[in-house]
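A.B. asks: One file is attached below, my_file.pdb, containing PDB, C-alpha atoms and all ligand atoms.
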```pdb
ATOM      1  CA  MET O   1     149.022-129.292  78.431
ATOM      2  CA  SER O   2     146.889-129.088  75.297
ATOM      3  CA  ALA O   3     144.182-131.626  74.584
ATOM      4  CA  ARG O   4     145.378-134.898  73.037
ATOM      5  CA  PRO O   5     143.809-136.593  70.031
ATOM      6  CA  ALA O   6     142.319-139.999  70.762
ATOM      7  CA  VAL O   7     141.541-143.206  68.990
ATOM      8  CA  PHE O   8     138.302-144.540  70.442
ATOM      9  CA  LEU O   9     137.980-148.218  69.712
ATOM     10  CA  ASP O  10     135.298-150.820  69.972
ATOM     11  CA  ARG O  11     136.068-154.066  71.823
ATOM     12  CA  ASP O  12     134.458-157.135  70.199
ATOM     13  CA  ASP O  13     135.532-157.919  66.619
ATOM     14  CA  THR O  14     137.758-154.807  66.660
ATOM     15  CA  LEU O  15     140.312-155.347  69.448
ATOM     16  CA  ILE O  16     139.424-158.886  70.536
ATOM     17  CA  ALA O  17     137.743-161.860  68.898
ATOM     18  CA  ASN O  18     134.000-161.728  69.388
ATOM     19  CA  VAL O  19     132.580-164.220  71.855
ATOM     20  CA  PRO O  20     128.895-163.275  72.282
ATOM     21  CA  TYR O  21     128.267-162.174  75.892
ATOM     22  CA  LEU O  22     131.833-163.067  76.890
ATOM     23  CA  SER O  23     131.769-164.006  80.575
ATOM     24  CA  ASP O  24     135.061-165.865  81.082
ATOM     25  CA  PRO O  25     138.401-163.989  80.894
ATOM     26  CA  ALA O  26     139.908-167.225  79.541
ATOM     27  CA  GLY O  27     137.966-166.578  76.323
ATOM     28  CA  LEU O  28     139.871-163.357  75.584
ATOM     29  CA  ARG O  29     141.894-163.289  72.381
ATOM     30  CA  VAL O  30     143.484-160.075  71.082
ATOM     31  CA  LEU O  31     143.140-159.939  67.283
ATOM     32  CA  PRO O  32     146.316-160.262  65.181
ATOM     33  CA  GLY O  33     148.242-157.013  64.796
ATOM     34  CA  ALA O  34     146.020-155.086  67.220
ATOM     35  CA  SER O  35     148.583-154.717  70.030
ATOM     36  CA  GLN O  36     151.246-153.480  67.620
ATOM     37  CA  ALA O  37     148.760-151.001  66.164
ATOM     38  CA  LEU O  38     147.932-149.686  69.647
ATOM     39  CA  GLY O  39     151.660-149.210  70.298
ATOM     40  CA  ALA O  40     152.182-147.260  67.080
ATOM     41  CA  LEU O  41     149.202-144.991  67.804
ATOM     42  CA  ARG O  42     150.424-144.331  71.345
ATOM     43  CA  ARG O  43     153.906-143.400  70.091
ATOM     44  CA  ALA O  44     152.267-140.892  67.714
ATOM     45  CA  GLY O  45     150.561-139.243  70.700
ATOM     46  CA  PHE O  46     147.044-140.694  70.563
ATOM     47  CA  ALA O  47     145.140-141.548  73.724
ATOM     48  CA  LEU O  48     143.604-145.027  73.399
ATOM     49  CA  VAL O  49     140.095-145.366  74.758
ATOM     50  CA  LEU O  50     137.976-148.512  74.612
ATOM     51  CA  ILE O  51     134.278-147.745  74.081
ATOM     52  CA  THR O  52     132.021-150.773  74.461
ATOM     53  CA  ASN O  53     128.281-151.495  74.599
ATOM     54  CA  GLN O  54     127.792-154.222  77.211
ATOM     55  CA  SER O  55     124.097-155.023  77.216
ATOM     56  CA  ALA O  56     125.046-158.403  78.725
ATOM     57  CA  VAL O  57     125.264-156.501  82.029
ATOM     58  CA  GLY O  58     121.815-154.922  81.624
ATOM     59  CA  ARG O  59     120.393-158.291  80.600
ATOM     60  CA  GLY O  60     121.761-159.844  83.794
ATOM     61  CA  LEU O  61     123.943-162.280  81.830
ATOM     62  CA  ILE O  62     127.116-161.042  83.543
ATOM     63  CA  THR O  63     127.635-158.893  86.624
ATOM     64  CA  GLU O  64     129.499-155.597  86.541
ATOM     65  CA  SER O  65     132.224-157.062  88.735
ATOM     66  CA  ARG O  66     132.696-159.910  86.226
ATOM     67  CA  LEU O  67     132.946-157.327  83.443
ATOM     68  CA  HIS O  68     135.650-155.540  85.461
ATOM     69  CA  GLU O  69     137.495-158.877  85.840
ATOM     70  CA  ILE O  70     137.337-159.372  82.074
ATOM     71  CA  HIS O  71     138.683-155.873  81.444
ATOM     72  CA  ASP O  72     141.449-156.342  84.043
ATOM     73  CA  ALA O  73     142.403-159.539  82.224
ATOM     74  CA  LEU O  74     142.308-157.684  78.896
ATOM     75  CA  ASN O  75     144.660-155.017  80.288
ATOM     76  CA  ARG O  76     147.059-157.752  81.503
ATOM     77  CA  LEU O  77     146.931-159.479  78.118
ATOM     78  CA  LEU O  78     147.690-156.214  76.307
ATOM     79  CA  ALA O  79     150.530-155.444  78.742
ATOM     80  CA  GLU O  80     152.075-158.839  77.933
ATOM     81  CA  GLU O  81     152.043-157.755  74.290
ATOM     82  CA  GLY O  82     153.578-154.358  75.145
ATOM     83  CA  ALA O  83     150.354-152.370  74.666
ATOM     84  CA  ALA O  84     147.991-150.446  76.942
ATOM     85  CA  LEU O  85     144.698-148.576  76.943
ATOM     86  CA  ASP O  86     144.221-145.202  78.646
ATOM     87  CA  ALA O  87     140.680-146.001  79.737
ATOM     88  CA  ILE O  88     137.714-148.304  79.216
ATOM     89  CA  TYR O  89     134.135-147.000  79.049
ATOM     90  CA  TYR O  90     131.158-149.332  78.837
ATOM     91  CA  CYS O  91     127.409-148.899  78.609
ATOM     92  CA  PRO O  92     125.323-151.601  80.346
ATOM     93  CA  GLU O  93     121.987-150.467  78.831
ATOM     94  CA  VAL O  94     119.820-152.963  76.962
ATOM     95  CA  PRO O  95     118.562-151.724  73.577
ATOM     96  CA  LEU O  96     114.829-151.637  72.970
ATOM     97  CA  GLY O  97     114.961-152.045  69.196
ATOM     98  CA  ASP O  98     117.490-153.499  66.784
ATOM     99  CA  ASP O  99     118.127-150.458  64.564
ATOM    100  CA  ARG O 100     121.812-149.701  65.188
ATOM    101  CA  THR O 101     121.529-146.213  63.685
ATOM    102  CA  ILE O 102     119.015-144.876  66.245
ATOM    103  CA  ILE O 103     120.173-143.280  69.510
ATOM    104  CA  GLU O 104     117.934-144.675  72.263
ATOM    105  CA  ASN O 105     120.282-143.745  75.098
ATOM    106  CA  PRO O 106     123.030-141.117  74.681
ATOM    107  CA  ASN O 107     125.536-143.400  76.407
ATOM    108  CA  ARG O 108     124.930-146.438  74.224
ATOM    109  CA  LYS O 109     126.577-146.400  70.786
ATOM    110  CA  PRO O 110     125.518-144.932  68.292
ATOM    111  CA  GLY O 111     125.089-142.257  70.980
ATOM    112  CA  PRO O 112     128.216-140.138  71.603
ATOM    113  CA  GLY O 113     127.875-140.114  75.417
ATOM    114  CA  MET O 114     130.834-142.337  76.294
ATOM    115  CA  LEU O 115     133.109-140.411  73.910
ATOM    116  CA  HIS O 116     131.998-137.107  75.414
ATOM    117  CA  ARG O 117     132.637-138.355  78.942
ATOM    118  CA  ALA O 118     136.116-139.571  77.977
ATOM    119  CA  THR O 119     136.843-136.252  76.277
ATOM    120  CA  GLU O 120     136.049-134.376  79.463
ATOM    121  CA  GLU O 121     137.801-136.758  81.835
ATOM    122  CA  LEU O 122     140.933-137.290  79.734
ATOM    123  CA  ASP O 123     141.157-133.815  78.114
ATOM    124  CA  LEU O 124     140.892-135.026  74.505
ATOM    125  CA  ASP O 125     140.705-133.142  71.210
ATOM    126  CA  LEU O 126     137.579-134.559  69.532
ATOM    127  CA  ASP O 127     138.219-132.769  66.218
ATOM    128  CA  ALA O 128     141.498-134.642  65.813
ATOM    129  CA  SER O 129     140.129-137.954  67.100
ATOM    130  CA  TRP O 130     138.873-141.121  65.457
ATOM    131  CA  MET O 131     136.439-143.926  66.291
ATOM    132  CA  VAL O 132     137.167-147.441  65.030
ATOM    133  CA  GLY O 133     134.706-150.340  65.149
ATOM    134  CA  ASP O 134     133.052-153.189  63.253
ATOM    135  CA  GLN O 135     129.414-152.039  63.495
ATOM    136  CA  ILE O 136     127.578-149.118  61.937
ATOM    137  CA  SER O 137     126.729-148.008  65.501
ATOM    138  CA  ASP O 138     130.481-147.604  66.164
ATOM    139  CA  VAL O 139     130.910-145.461  63.058
ATOM    140  CA  LEU O 140     127.907-143.340  64.014
ATOM    141  CA  ALA O 141     129.024-142.914  67.639
ATOM    142  CA  GLY O 142     132.250-141.378  66.341
ATOM    143  CA  LEU O 143     130.489-139.162  63.809
ATOM    144  CA  ASN O 144     127.891-138.094  66.378
ATOM    145  CA  ALA O 145     130.740-137.031  68.679
ATOM    146  CA  GLY O 146     132.390-134.985  65.901
ATOM    147  CA  CYS O 147     135.206-137.430  65.107
ATOM    148  CA  ARG O 148     136.013-139.207  61.895
ATOM    149  CA  SER O 149     135.238-142.934  61.891
ATOM    150  CA  ILE O 150     136.624-146.133  60.463
ATOM    151  CA  LEU O 151     134.627-149.300  59.940
ATOM    152  CA  VAL O 152     136.660-152.521  60.187
ATOM    153  CA  GLY O 153     135.920-156.079  59.084
ATOM    154  CA  SER O 154     132.916-157.322  57.145
ATOM    155  CA  ASN O 155     130.110-157.239  59.725
ATOM    156  CA  ALA O 156     128.698-153.996  58.262
ATOM    157  CA  THR O 157     129.081-151.667  55.268
ATOM    158  CA  LEU O 158     129.197-147.880  55.026
ATOM    159  CA  SER O 159     126.113-147.990  52.784
ATOM    160  CA  GLU O 160     124.158-148.499  56.030
ATOM    161  CA  LEU O 161     124.980-144.922  57.048
ATOM    162  CA  PRO O 162     121.806-142.841  56.907
ATOM    163  CA  THR O 163     123.201-139.746  55.151
ATOM    164  CA  GLU O 164     125.685-138.729  52.476
ATOM    165  CA  ALA O 165     127.290-136.306  54.964
ATOM    166  CA  ALA O 166     128.018-139.228  57.283
ATOM    167  CA  ARG O 167     129.545-141.265  54.440
ATOM    168  CA  GLU O 168     131.963-138.409  53.693
ATOM    169  CA  ARG O 169     133.535-138.655  57.152
ATOM    170  CA  ALA O 170     133.748-142.436  57.316
ATOM    171  CA  PHE O 171     136.209-144.969  55.935
ATOM    172  CA  ALA O 172     136.260-148.762  55.696
ATOM    173  CA  VAL O 173     139.311-151.014  56.008
ATOM    174  CA  SER O 174     140.030-154.667  56.797
ATOM    175  CA  ASP O 175     141.028-154.550  60.462
ATOM    176  CA  PHE O 176     142.292-152.442  63.361
ATOM    177  CA  ALA O 177     145.901-152.568  62.145
ATOM    178  CA  ALA O 178     144.828-151.120  58.776
ATOM    179  CA  ALA O 179     142.738-148.480  60.564
ATOM    180  CA  ALA O 180     145.790-147.442  62.600
ATOM    181  CA  GLU O 181     147.798-147.143  59.388
ATOM    182  CA  LEU O 182     145.147-144.847  57.870
ATOM    183  CA  ILE O 183     145.084-142.704  61.033
ATOM    184  CA  LEU O 184     148.874-142.463  61.208
ATOM    185  CA  ASN O 185     149.153-141.543  57.515
ATOM    186  CA  ASP O 186     146.620-138.761  58.002
ATOM    187  CA  HIS O 187     148.421-137.647  61.170
ATOM    188  CA  SER O 188     151.831-137.396  59.510
ATOM    189  CA  ARG O 189     150.353-135.479  56.556
ATOM    190  CA  ARG O 190     148.960-132.940  59.002
ATOM    191  CA  LEU O 191     152.311-132.586  60.760
ATOM    192  CA  GLN O 192     154.199-131.781  57.565
ATOM    193  CA  PRO O 193     154.957-128.095  57.038
ATOM    194  CA  ARG O 194     152.951-126.470  54.242
ATOM    195  CA  GLU O 195     155.942-126.027  51.920
ATOM    196  CA  GLU O 196     156.566-129.786  52.120
ATOM    197  CA  LEU O 197     153.002-130.435  50.994
ATOM    198  CA  ALA O 198     153.273-127.871  48.172
ATOM    199  CA  ARG O 199     156.343-129.555  46.695
ATOM    200  CA  PRO O 200     155.604-131.625  43.561
TER     201      PRO O 200
HETATM  202 MG    MG T 301     132.105-154.848  67.876
END
```
Show me this structure written as structure tokens.
C.D. replies:
Amino acid sequence: MSARPAVFLDRDDTLIANVPYLSDPAGLRVLPGASQALGALRRAGFALVLITNQSAVGRGLITESRLHEIHDALNRLLAEEGAALDAIYYCPEVPLGDDRTIIENPNRKPGPGMLHRATEELDLDLDASWMVGDQISDVLAGLNAGCRSILVGSNATLSELPTEAARERAFAVSDFAAAAELILNDHSRRLQPREELARP
């Protein structure tokens, strides 16, 4: 089987409402339209991979087993809404500085480490894949892995990207549902035969 394209997605403020250092599964709330968007992407053939920085673990604010409980609860919640993820990758490392554009650890976004691991383990096609998230570190993690990236929400702006080359491969939309629409539009354009595209 040939490698699948993926949509890598951030967790907090992208898939679920952001509760800083979420430690109770009861606090989970999937954002409006997100489950439907996951379903549409899956039907189009995209693997769906959650990529999340969880410094709360490294800071000792939650244990890894509690994080697993939260992610089990998230998977149940998504299943109730008819959606599913293919995998969840998290990085427990604590950042040293607060510049979200600097890679301190390859596995912590903006580093591409988690995306590379997923690509190997799930046989993904990075060239055809996307990263979606609400922080500039999400956008950069995708670009650093060789994907295109979509910034969602209003927590950051693409002007924070350090280079013009990065800005050319990044997009900004309102939320995950809108990001999925952009990805699916691009996907269907690519699937059209050339003569279709050439027609006026
Ligand atoms: Mg986030």
A.B. asks: Can I get the residues close to ligand MG 301 (chain T) as JSON, numbers by chain, where close means within 8 Å and we count only C-alpha atoms and all ligand atoms?
C.D. replies: {"O": [10, 11, 12, 13, 14, 18, 52, 133, 134, 135, 138]}
A.B. asks: How far is it from CA of Ile16 in chain O to CA of Ala83 in chain O, in Å with one decimal?
C.D. replies: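 Straight-line distance from CA of Ile16 in chain O to CA of Ala83 in chain O works out to 13.4 Å.
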A.B. asks: Return the single residue from O:Glu120, O:Glu104, O:Asp127, O:Glu80 that is closest to Ser35 in chain O, with distances computed using all atoms listed in the file.
C.D. replies: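 Nearest candidate to Ser35 in chain O out of O:Glu120, O:Glu104, O:Asp127, O:Glu80: O:Glu80.
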A.B. asks: Can you spell out as a PDB file with C-alpha atoms, keeping the file's coordinate frame the set of residues that the PyMOL selection byres (((chain O and resi 117) around 12) and not hetatm) selects in the structure I just provided?
C.D. replies:
```pdb
ATOM      1  CA  PHE O   8     138.302-144.540  70.442  1.00  0.00           C
ATOM      2  CA  VAL O  49     140.095-145.366  74.758  1.00  0.00           C
ATOM      3  CA  ILE O  51     134.278-147.745  74.081  1.00  0.00           C
ATOM      4  CA  ALA O  87     140.680-146.001  79.737  1.00  0.00           C
ATOM      5  CA  ILE O  88     137.714-148.304  79.216  1.00  0.00           C
ATOM      6  CA  TYR O  89     134.135-147.000  79.049  1.00  0.00           C
ATOM      7  CA  TYR O  90     131.158-149.332  78.837  1.00  0.00           C
ATOM      8  CA  CYS O  91     127.409-148.899  78.609  1.00  0.00           C
ATOM      9  CA  PRO O 106     123.030-141.117  74.681  1.00  0.00           C
ATOM     10  CA  ASN O 107     125.536-143.400  76.407  1.00  0.00           C
ATOM     11  CA  GLY O 111     125.089-142.257  70.980  1.00  0.00           C
ATOM     12  CA  PRO O 112     128.216-140.138  71.603  1.00  0.00           C
ATOM     13  CA  GLY O 113     127.875-140.114  75.417  1.00  0.00           C
ATOM     14  CA  MET O 114     130.834-142.337  76.294  1.00  0.00           C
ATOM     15  CA  LEU O 115     133.109-140.411  73.910  1.00  0.00           C
ATOM     16  CA  HIS O 116     131.998-137.107  75.414  1.00  0.00           C
ATOM     17  CA  ALA O 118     136.116-139.571  77.977  1.00  0.00           C
ATOM     18  CA  THR O 119     136.843-136.252  76.277  1.00  0.00           C
ATOM     19  CA  GLU O 120     136.049-134.376  79.463  1.00  0.00           C
ATOM     20  CA  GLU O 121     137.801-136.758  81.835  1.00  0.00           C
ATOM     21  CA  LEU O 122     140.933-137.290  79.734  1.00  0.00           C
ATOM     22  CA  ASP O 123     141.157-133.815  78.114  1.00  0.00           C
ATOM     23  CA  LEU O 124     140.892-135.026  74.505  1.00  0.00           C
ATOM     24  CA  LEU O 126     137.579-134.559  69.532  1.00  0.00           C
ATOM     25  CA  ALA O 145     130.740-137.031  68.679  1.00  0.00           C
TER      26      ALA O 145
END
```
A.B. asks: Record the distance separating CA of Asn75 in chain O and CA of Val30 in chain O, expressed in Å with one decimal.
C.D. replies: 10.6 Å
A.B. asks: State, in Å with one decimal place, the distance from CA of Leu48 in chain O to CA of Arg148 in chain O.
C.D. replies: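 According to the coordinates, CA of Leu48 in chain O and CA of Arg148 in chain O are separated by 15.0 Å.
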A.B. asks: Identify all residues satisfying the PyMOL selection byres (((chain O and resi 158) around 10) and not hetatm) in the given file; provide them as a list of chain:residue names.
C.D. replies: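 Evaluating the PyMOL selection byres (((chain O and resi 158) around 10) and not hetatm) on this file yields O:Gln135, O:Ile136, O:Val139, O:Ile150, O:Leu151, O:Ala156, O:Thr157, O:Ser159, O:Glu160, O:Leu161, O:Pro162, O:Ala166, O:Arg167, O:Glu168, O:Ala170, O:Phe171, O:Ala172.
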A.B. asks: For Glu81 in chain O, work out the shell of residues within 12 Å, counting only C-alpha atoms and skipping chain neighbours fewer than 6 positions away, then give it as a list in words.
C.D. replies: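 Listing them by chain and then by number gives Arg29, Val30, Leu31, Pro32, Gly33, Ala34, Ser35, Gln36, Ala37, Leu38, Gly39, Leu74 and Asn75 of chain O.
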A.B. asks: Which is closer to Pro5 in chain O than all the others in O:Asp24, O:Asp86, O:Asp98, O:Asp125, using all atoms listed in the file?
C.D. replies: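 With all atoms listed in the file as the atom set, the closest residue is O:Asp125.
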A.B. asks: On this structure, which residues satisfy the PyMOL selection byres (((chain O and resi 100) around 8) and not hetatm), written as a PyMOL selection string?
C.D. replies: chain O and resi 98-99+101-103+110+136-137
